[in-house]
Amino acid sequence: MARRDRLSYIRGVMPAAPRLVLAVLLAAALAACGSREKPDTYVERPVEQLYNEGVDSLLQQNYVTASRSFDEVERQHPYSTWATKAQLMAAYAHYQNNKYDDAIVAVDRFIQLNPSNRDVAYAYYLKALCYYEQITDVQRDARMTELALRSLDEVVRRFPDSSFSRDARLKIDLTYDHLAGKEMEVGRFYMDRGQYVGAINRFRLVIDKYQTTSHVPEALHRLVESYTALGLHEEAKRTASVLGYNYPGSPWYNDSYTLVETGKLPDEDRPGILTRTVRTLNPF
């Protein structure tokens with residue numbers, strides 16, 4: 001029976017209600033067929049085209065598209081030299097997009113697969129940057145700061161003569177300054193509550209461990225204050241002498257000298273103490 005004859009037969013012999021039900025079912029089936037998406041087909045493209053598309057997307061700040069293009073380079077041409085470059089470029093795209101976790105994962109994979117690659121120094125440096133740029137204020141957890149310091153130190157240790165090493169050294173100094181600032185914050189917290197022994201431990205840690213940072217003059221002065229508060233006047237004098245010898249022009253030394261001479265703690269609410277603290281942290 002021809003198709004038209006079958007349709008005529010169905011229309012002629014079926015009751016109205018069943019015919020309506022059949023029409024609905026047929027319409028639904030046709031709609032389902034029409035809405036079914038065709039599966040993605042694998043279309044191999046020239047490696048240069050894929051790589052250049054990734055670079056163009058980077059320049060246009062389309063970082064998600066860029067990372068996908070670089071991933072596609074590796075997927076379609078896994079054994080090409082472009083695939084190795086694309087691994088690192090994908091990590092850089094994630095970094096530019098502030099997707100630090102994704103960037104670190106990509107960098108670690110690049111280092112693991114290409115330990116002797118000419119760009120491995122940059123890979124280590126990029127990983128350090130991902131941690132370094134996540135450092136927050138001193139009142140928060142210092143774990144990210146410690147990870148940044150460890151990664152920056154690895155750059156210096158592995159590639160001491162590279163340009164990345166020079167920048168890493170500068171960032172290490174800034175990172176140490178950040179860690180010292182964290183200890184100073186805790187020390188001031190103890191001082192405000194009269195817990196001078198705890199404060200002394202924090203300030204001594206700054207002096208012993210972070211002696212090249214900008215926080216050392218204040219740490220010495222806070223030690224003088226803490227020793228004076230505990231009645232340890234000889235310790236206060238010796239600490240003030242160290243402060244005067246190493247930082248004779250520091251405003252912190254002027255306060256320490258006055259404190260040792262008078263034996264009185266300065267009024268912490270008076271203008272100047274907070275101002276000097278801020279200026280120490282930000283001399284500009």
# chains A, B, ... in the order shown; residues from 1 in each chain; ligands from 1
$ select_by_dssp --residues "region 60-216 of chain A" --states "helix (DSSP H, G or I)" --output "ChimeraX atom specification"
/A:63-76,81-96,100-113,120-132,143-158,163-192,196-209,216
$ atom_distance --atom1 "CA of Thr239 (chain A)" --atom2 "CA of Glu183 (chain A)"
18.5 Å
$ closest_residue --among "A:Glu234, A:Glu225, A:Asp101, A:Glu48" --to "Glu133 (chain A)" --atoms "only C-alpha atoms"
A:Asp101
$ residues_around --residues "region 156-173 of chain A" --least-positions-apart "3" --cutoff "9 Å" --atoms "only C-alpha atoms" --output "list in words"
Ala121, Tyr122, Tyr125, Ala128, Leu129, Tyr132, Ala148, Leu149, Ser151, Leu152, Asp153, Tyr176, Asp177, His178, Thr212 and Thr213 of chain A
$ write_last_selection --atoms "all heavy atoms" --output "tab-separated table (two decimals), in the first residue's frame"
chain	number	residue	atom	x	y	z
A	121	ALA	N	61.87	27.50	32.77
A	121	ALA	CA	62.13	28.55	33.76
A	121	ALA	C	60.93	29.48	33.87
A	121	ALA	O	60.51	29.87	34.97
A	121	ALA	CB	63.38	29.34	33.38
A	122	TYR	N	60.38	29.83	32.72
A	122	TYR	CA	59.19	30.69	32.74
A	122	TYR	C	58.01	29.97	33.37
A	122	TYR	O	57.18	30.59	34.05
A	122	TYR	CB	58.81	31.13	31.33
A	122	TYR	CG	57.55	31.96	31.30
A	122	TYR	CD1	57.57	33.26	31.78
A	122	TYR	CD2	56.35	31.43	30.84
A	122	TYR	CE1	56.41	34.03	31.79
A	122	TYR	CE2	55.19	32.19	30.85
A	122	TYR	CZ	55.23	33.48	31.33
A	122	TYR	OH	54.08	34.23	31.35
A	125	TYR	N	58.31	30.33	36.99
A	125	TYR	CA	58.05	31.73	37.33
A	125	TYR	C	56.55	32.03	37.27
A	125	TYR	O	56.01	32.72	38.16
A	125	TYR	CB	58.81	32.63	36.36
A	125	TYR	CG	58.56	34.10	36.54
A	125	TYR	CD1	59.05	34.78	37.66
A	125	TYR	CD2	57.83	34.83	35.60
A	125	TYR	CE1	58.82	36.14	37.82
A	125	TYR	CE2	57.60	36.18	35.75
A	125	TYR	CZ	58.10	36.83	36.87
A	125	TYR	OH	57.86	38.17	37.03
A	128	ALA	N	54.87	30.74	40.32
A	128	ALA	CA	55.12	31.63	41.46
A	128	ALA	C	54.25	32.87	41.39
A	128	ALA	O	53.73	33.33	42.42
A	128	ALA	CB	56.60	32.01	41.49
A	129	LEU	N	54.06	33.41	40.20
A	129	LEU	CA	53.20	34.58	40.05
A	129	LEU	C	51.76	34.27	40.46
A	129	LEU	O	51.07	35.11	41.04
A	129	LEU	CB	53.22	35.08	38.61
A	129	LEU	CG	54.47	35.82	38.13
A	129	LEU	CD1	54.27	36.28	36.70
A	129	LEU	CD2	54.75	37.02	39.03
A	132	TYR	N	51.81	34.48	44.10
A	132	TYR	CA	52.16	35.82	44.56
A	132	TYR	C	50.99	36.79	44.42
A	132	TYR	O	50.73	37.61	45.31
A	132	TYR	CB	53.36	36.33	43.77
A	132	TYR	CG	53.83	37.71	44.17
A	132	TYR	CD1	54.63	37.88	45.29
A	132	TYR	CD2	53.48	38.83	43.43
A	132	TYR	CE1	55.07	39.14	45.67
A	132	TYR	CE2	53.92	40.09	43.79
A	132	TYR	CZ	54.70	40.25	44.91
A	132	TYR	OH	55.11	41.49	45.28
A	148	ALA	N	53.79	31.38	47.90
A	148	ALA	CA	54.45	32.28	46.95
A	148	ALA	C	55.95	32.35	47.23
A	148	ALA	O	56.76	32.29	46.30
A	148	ALA	CB	53.83	33.68	47.05
A	149	LEU	N	56.30	32.45	48.50
A	149	LEU	CA	57.72	32.53	48.87
A	149	LEU	C	58.45	31.26	48.47
A	149	LEU	O	59.57	31.31	47.92
A	149	LEU	CB	57.83	32.76	50.38
A	149	LEU	CG	59.24	32.95	50.93
A	149	LEU	CD1	59.89	34.17	50.31
A	149	LEU	CD2	59.20	33.08	52.44
A	151	SER	N	57.66	29.16	46.06
A	151	SER	CA	57.75	29.06	44.60
A	151	SER	C	58.76	30.06	44.03
A	151	SER	O	59.51	29.74	43.11
A	151	SER	CB	56.37	29.29	43.97
A	151	SER	OG	55.46	28.31	44.40
A	152	LEU	N	58.78	31.27	44.58
A	152	LEU	CA	59.76	32.26	44.13
A	152	LEU	C	61.18	31.82	44.44
A	152	LEU	O	62.10	32.00	43.62
A	152	LEU	CB	59.46	33.61	44.79
A	152	LEU	CG	58.19	34.32	44.33
A	152	LEU	CD1	57.84	35.45	45.29
A	152	LEU	CD2	58.34	34.87	42.92
A	153	ASP	N	61.36	31.24	45.61
A	153	ASP	CA	62.69	30.75	45.98
A	153	ASP	C	63.13	29.62	45.05
A	153	ASP	O	64.32	29.50	44.72
A	153	ASP	CB	62.65	30.26	47.43
A	153	ASP	CG	64.02	29.81	47.92
A	153	ASP	OD1	64.90	30.68	48.08
A	153	ASP	OD2	64.21	28.60	48.13
A	176	TYR	N	58.65	38.64	52.05
A	176	TYR	CA	59.15	38.65	53.42
A	176	TYR	C	58.57	39.83	54.19
A	176	TYR	O	58.23	39.72	55.38
A	176	TYR	CB	60.67	38.73	53.43
A	176	TYR	CG	61.35	37.38	53.35
A	176	TYR	CD1	62.33	37.13	52.40
A	176	TYR	CD2	61.02	36.35	54.23
A	176	TYR	CE1	62.96	35.89	52.31
A	176	TYR	CE2	61.64	35.12	54.16
A	176	TYR	CZ	62.60	34.90	53.20
A	176	TYR	OH	63.21	33.67	53.13
A	177	ASP	N	58.50	40.98	53.53
A	177	ASP	CA	57.93	42.15	54.18
A	177	ASP	C	56.47	41.91	54.57
A	177	ASP	O	56.01	42.34	55.62
A	177	ASP	CB	58.03	43.36	53.23
A	177	ASP	CG	58.03	44.67	53.99
A	177	ASP	OD1	59.09	45.02	54.53
A	177	ASP	OD2	56.98	45.33	54.03
A	178	HIS	N	55.77	41.19	53.72
A	178	HIS	CA	54.37	40.87	54.01
A	178	HIS	C	54.27	39.94	55.22
A	178	HIS	O	53.43	40.13	56.10
A	178	HIS	CB	53.74	40.22	52.78
A	178	HIS	CG	52.28	39.95	52.93
A	178	HIS	ND1	51.31	40.87	52.62
A	178	HIS	CD2	51.61	38.86	53.38
A	178	HIS	CE1	50.12	40.36	52.86
A	178	HIS	NE2	50.27	39.14	53.33
A	212	THR	N	65.74	42.12	57.15
A	212	THR	CA	65.96	43.05	56.04
A	212	THR	C	64.68	43.80	55.65
A	212	THR	O	64.68	44.54	54.67
A	212	THR	CB	66.48	42.29	54.80
A	212	THR	OG1	65.51	41.31	54.40
A	212	THR	CG2	67.80	41.61	55.11
A	213	THR	N	63.61	43.61	56.39
A	213	THR	CA	62.34	44.23	56.02
A	213	THR	C	62.19	45.61	56.65
A	213	THR	O	62.94	45.98	57.57
A	213	THR	CB	61.15	43.35	56.45
A	213	THR	OG1	61.06	43.32	57.88
A	213	THR	CG2	61.32	41.93	55.92
$ atom_distance --atom1 "CA of Leu243 (chain A)" --atom2 "CA of Tyr227 (chain A)"
14.1 Å
$ atom_distance --atom1 "CA of Val47 (chain A)" --atom2 "CA of Cys130 (chain A)"
28.3 Å
$ residues_around --residues "region 196-207 of chain A" --least-positions-apart "2" --cutoff "8 Å" --atoms "only C-alpha atoms" --output "list in words"
Ala180, Glu183, Met184, Val186, Gly187, Arg188, Phe189, Tyr190, Met191, Gly194, Lys209, Tyr210, Gln211, His215, Val216, Ala219, Leu220, Arg222, Leu223, Ser226, Tyr227, Ala229 and Leu230 of chain A
$ residues_around --residues "Asn117 (chain A)" --least-positions-apart "4" --cutoff "12 Å" --atoms "only C-alpha atoms" --output "list in words"
Thr81, Thr84, Lys85, Gln87, Leu88, Phe110, Ile111, Gln112, Leu113, Ala121, Tyr122, Ala123 and Tyr124 of chain A
$ write_last_selection --atoms "all heavy atoms" --output "short mmCIF file (atom, residue, chain, number, x, y, z; two decimals), in the first residue's frame"
data_model
loop_
_atom_site.label_atom_id
_atom_site.label_comp_id
_atom_site.auth_asym_id
_atom_site.auth_seq_id
_atom_site.Cartn_x
_atom_site.Cartn_y
_atom_site.Cartn_z
N THR A 81 55.67 20.19 18.01
CA THR A 81 56.32 21.17 18.89
C THR A 81 55.33 22.25 19.31
O THR A 81 55.48 22.85 20.38
CB THR A 81 57.50 21.82 18.16
OG1 THR A 81 57.04 22.42 16.93
CG2 THR A 81 58.58 20.79 17.84
N THR A 84 53.53 21.46 22.68
CA THR A 84 54.27 21.81 23.88
C THR A 84 54.13 23.29 24.20
O THR A 84 53.90 23.68 25.35
CB THR A 84 55.76 21.45 23.71
OG1 THR A 84 55.87 20.05 23.40
CG2 THR A 84 56.54 21.73 24.98
N LYS A 85 54.25 24.13 23.18
CA LYS A 85 54.06 25.56 23.39
C LYS A 85 52.64 25.87 23.84
O LYS A 85 52.41 26.73 24.70
CB LYS A 85 54.38 26.32 22.10
CG LYS A 85 55.82 26.23 21.63
CD LYS A 85 56.00 26.97 20.31
CE LYS A 85 57.43 26.89 19.82
NZ LYS A 85 58.37 27.62 20.71
N GLN A 87 50.64 24.10 25.61
CA GLN A 87 50.42 23.76 27.01
C GLN A 87 50.72 24.96 27.90
O GLN A 87 49.93 25.30 28.80
CB GLN A 87 51.31 22.58 27.41
CG GLN A 87 50.94 21.26 26.80
CD GLN A 87 51.96 20.18 27.12
OE1 GLN A 87 52.87 20.39 27.92
NE2 GLN A 87 51.81 19.02 26.50
N LEU A 88 51.85 25.58 27.65
CA LEU A 88 52.24 26.73 28.47
C LEU A 88 51.38 27.94 28.16
O LEU A 88 51.04 28.72 29.07
CB LEU A 88 53.72 27.05 28.22
CG LEU A 88 54.38 28.01 29.21
CD1 LEU A 88 54.23 27.52 30.63
CD2 LEU A 88 55.86 28.18 28.86
N PHE A 110 52.83 20.92 32.52
CA PHE A 110 53.88 21.27 31.56
C PHE A 110 55.25 20.90 32.11
O PHE A 110 56.09 20.32 31.41
CB PHE A 110 53.82 22.77 31.25
CG PHE A 110 54.94 23.25 30.37
CD1 PHE A 110 54.83 23.17 28.99
CD2 PHE A 110 56.10 23.78 30.92
CE1 PHE A 110 55.86 23.61 28.17
CE2 PHE A 110 57.14 24.22 30.11
CZ PHE A 110 57.01 24.12 28.73
N ILE A 111 55.50 21.23 33.38
CA ILE A 111 56.80 20.94 33.98
C ILE A 111 57.04 19.43 34.06
O ILE A 111 58.14 18.95 33.80
CB ILE A 111 56.88 21.57 35.39
CG1 ILE A 111 56.88 23.11 35.27
CG2 ILE A 111 58.12 21.10 36.13
CD1 ILE A 111 56.77 23.82 36.60
N GLN A 112 56.00 18.70 34.40
CA GLN A 112 56.14 17.25 34.50
C GLN A 112 56.44 16.60 33.15
O GLN A 112 57.26 15.69 33.06
CB GLN A 112 54.86 16.66 35.09
CG GLN A 112 54.92 15.15 35.31
CD GLN A 112 53.64 14.61 35.91
OE1 GLN A 112 52.65 15.32 36.06
NE2 GLN A 112 53.64 13.34 36.27
N LEU A 113 55.78 17.10 32.10
CA LEU A 113 55.97 16.50 30.78
C LEU A 113 57.20 17.03 30.05
O LEU A 113 57.72 16.36 29.16
CB LEU A 113 54.72 16.76 29.92
CG LEU A 113 53.42 16.09 30.37
CD1 LEU A 113 52.26 16.52 29.49
CD2 LEU A 113 53.56 14.57 30.36
N ALA A 121 61.87 27.50 32.77
CA ALA A 121 62.13 28.55 33.76
C ALA A 121 60.93 29.48 33.87
O ALA A 121 60.51 29.87 34.97
CB ALA A 121 63.38 29.34 33.38
N TYR A 122 60.38 29.83 32.72
CA TYR A 122 59.19 30.69 32.74
C TYR A 122 58.01 29.97 33.37
O TYR A 122 57.18 30.59 34.05
CB TYR A 122 58.81 31.13 31.33
CG TYR A 122 57.55 31.96 31.30
CD1 TYR A 122 57.57 33.26 31.78
CD2 TYR A 122 56.35 31.43 30.84
CE1 TYR A 122 56.41 34.03 31.79
CE2 TYR A 122 55.19 32.19 30.85
CZ TYR A 122 55.23 33.48 31.33
OH TYR A 122 54.08 34.23 31.35
N ALA A 123 57.91 28.66 33.18
CA ALA A 123 56.82 27.90 33.77
C ALA A 123 56.87 27.99 35.29
O ALA A 123 55.86 28.23 35.95
CB ALA A 123 56.88 26.44 33.31
N TYR A 124 58.06 27.80 35.86
CA TYR A 124 58.21 27.93 37.31
C TYR A 124 57.88 29.35 37.77
O TYR A 124 57.26 29.55 38.82
CB TYR A 124 59.64 27.57 37.73
CG TYR A 124 59.88 26.09 37.88
CD1 TYR A 124 60.46 25.35 36.84
CD2 TYR A 124 59.55 25.42 39.05
CE1 TYR A 124 60.69 23.99 36.98
CE2 TYR A 124 59.79 24.07 39.20
CZ TYR A 124 60.36 23.35 38.16
OH TYR A 124 60.57 22.01 38.31
#
$ closest_residue --among "A:Glu44, A:Pro248, A:Ala93, A:Trp82" --to "Arg68 (chain A)" --atoms "only C-alpha atoms"
A:Ala93
